[in-house]
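Colleague: So that we are looking at the same thing, I have put the structure below in structure tokens.
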Amino acid sequence: MPLLEQIQKDMVAAMKAREEARLDPLRMIKTALQRYTIDAMKPLDEAAELQILTTLVKQHRESADMFRKGNRPELAEKEEAELALIESYMPSAPTAEEIDAAITAALAETGVTSLKQMGVVMKAAQAKLAGRRVDGKALSESVRSKLS
């Protein structure tokens, strides 16, 4: 089932159950997905859905951090609850072993041995992990440790 349809069904269920805390982030996700289809003038595909959800996750993480720094824990908790809901619609994150295997395969495939060519390895590793929720910073640190 396409993500937009799934979110619409979940919105209806949240409305019937009068779950306002769940309904607001669902509306936000639906709006972001629909905005993409209107702006790009093409239907959503899985890669675009993942990119939009990743952007929303990043925004909510940054907001929660800012609220914590600003001594507003109640708003930070709200952002983190919305973050958890958004992440529930994303594909599962690869395990550390899967990331390690992708990096090893990318290193073997590209033949890179120096830290200066880290970008080539990153691109190959991300291609191997396509369709999965990969944290770029963690992947970068893993590639850097393998190359040094």
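By convention in this document, the chains of the structure tokens carry letters A, B, ... by their order, each chain's residues are numbered from 1, and ligands are numbered from 1 in the order they are shown.
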Which of stretch 64-146 of chain A counts as alpha helix (DSSP H) under DSSP, as a VMD selection string please?
Modeller: chain A and resid 64 to 69 73 to 88 96 to 110 118 to 128 136 to 146
Colleague: Got a sec: who's within 8 Å of stretch 45-49 of chain A, counting only C-alpha atoms, leaving out chain neighbours fewer than 4 positions off, as a PDB file with C-alpha atoms, in the first residue's frame?
Modeller:
```pdb
ATOM      1  CA  LEU A   3       2.544   5.517   2.023  1.00  0.00           C
ATOM      2  CA  LEU A  33       4.132  14.222   0.778  1.00  0.00           C
ATOM      3  CA  LEU A  53      10.530  11.381   5.847  1.00  0.00           C
ATOM      4  CA  GLY A 131      16.092   1.783   0.354  1.00  0.00           C
TER       5      GLY A 131
END
```
Colleague: Rounded to one decimal in Å, what is the spacing between atom CA of A:Pro94 and atom CA of A:Lys9?
Modeller: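 Answer for the atom CA of A:Pro94 to atom CA of A:Lys9 separation: 27.6 Å.
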Colleague: Excluding A:Val57 and residues on its chain fewer than 3 positions from it, collect all residues at most 9 Å away from it, counting only C-alpha atoms, and give them as a PyMOL selection string.
Modeller: chain A and resi 52-54+60-62+82-84+86-87
Colleague: With only C-alpha atoms as the counted atoms, please give the residues lying no more than 8 Å from A:Ser114, apart from itself and same-chain residues fewer than 2 positions off, as number ranges by chain.
Modeller: A: 112, 116-118, 147-148
Colleague: Give me the residues within 9 Å of A:Asp10 as a ChimeraX atom specification, counting only C-alpha atoms and dropping any in the same chain fewer than 5 places off.
Modeller: /A:5,15,23,26
Colleague: Rounded to one decimal place, report the atom CA of A:Ile29-atom CA of A:Gln6 distance in Å.
Modeller: 11.2 Å
Colleague: Measure the distance from atom CA of A:Gly136 to atom CA of A:Leu56 in Å and round it to one decimal.
Modeller: 15.3 Å
Colleague: Within 12 Å of A:Ile7, counting only C-alpha atoms, which residues show up once you throw out same-chain ones fewer than 4 positions away? Write them as number ranges by chain, please.
Modeller: A: 1-3, 11-14, 22-34, 49, 85-86, 88-89
Colleague: Atoms to include: C-alpha atoms. Write the selected residues as a PDB file, in the first residue's frame.
Modeller:
```pdb
ATOM      1  CA  MET A   1       0.000   0.000   0.000  1.00  0.00           C
ATOM      2  CA  PRO A   2       1.412   3.411  -0.911  1.00  0.00           C
ATOM      3  CA  LEU A   3       2.544   5.517   2.023  1.00  0.00           C
ATOM      4  CA  MET A  11      -5.482   9.753  10.058  1.00  0.00           C
ATOM      5  CA  VAL A  12      -9.061   8.520   9.860  1.00  0.00           C
ATOM      6  CA  ALA A  13      -8.399   6.062  12.691  1.00  0.00           C
ATOM      7  CA  ALA A  14      -6.789   8.817  14.807  1.00  0.00           C
ATOM      8  CA  ARG A  22      -1.155  11.384  16.789  1.00  0.00           C
ATOM      9  CA  LEU A  23      -3.292  13.305  14.308  1.00  0.00           C
ATOM     10  CA  ASP A  24      -1.126  16.437  14.079  1.00  0.00           C
ATOM     11  CA  PRO A  25       2.087  14.676  12.951  1.00  0.00           C
ATOM     12  CA  LEU A  26       0.099  12.527  10.518  1.00  0.00           C
ATOM     13  CA  ARG A  27      -1.318  15.670   8.937  1.00  0.00           C
ATOM     14  CA  MET A  28       2.181  17.119   8.745  1.00  0.00           C
ATOM     15  CA  ILE A  29       3.514  14.005   6.974  1.00  0.00           C
ATOM     16  CA  LYS A  30       0.601  13.969   4.541  1.00  0.00           C
ATOM     17  CA  THR A  31       1.096  17.654   3.759  1.00  0.00           C
ATOM     18  CA  ALA A  32       4.816  17.165   3.096  1.00  0.00           C
ATOM     19  CA  LEU A  33       4.132  14.222   0.778  1.00  0.00           C
ATOM     20  CA  GLN A  34       1.407  16.071  -1.117  1.00  0.00           C
ATOM     21  CA  GLU A  49       9.001   9.192   0.266  1.00  0.00           C
ATOM     22  CA  LEU A  85       5.701   8.409  14.832  1.00  0.00           C
ATOM     23  CA  ILE A  86       7.497   9.575  11.681  1.00  0.00           C
ATOM     24  CA  SER A  88       7.510   4.230  12.336  1.00  0.00           C
ATOM     25  CA  TYR A  89       6.685   4.898   8.650  1.00  0.00           C
TER      26      TYR A  89
END
```
Colleague: Would you pick out the contacts of A:Thr110 at 8 Å or less, using only C-alpha atoms, so that residues sharing its chain but fewer than 4 positions from it are not included, and give the list as a list in words?
Modeller: Ala106, Val120, Val121 and Ala124 of chain A
Colleague: For each of A:Ala21, A:Glu79, A:Glu74, A:Thr104, take the minimum atom-to-atom distance to A:Lys58, counting only C-alpha atoms, then give the residue where this is smallest.
Modeller: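 Residue with the minimum atom-to-atom distance to A:Lys58: A:Glu79.
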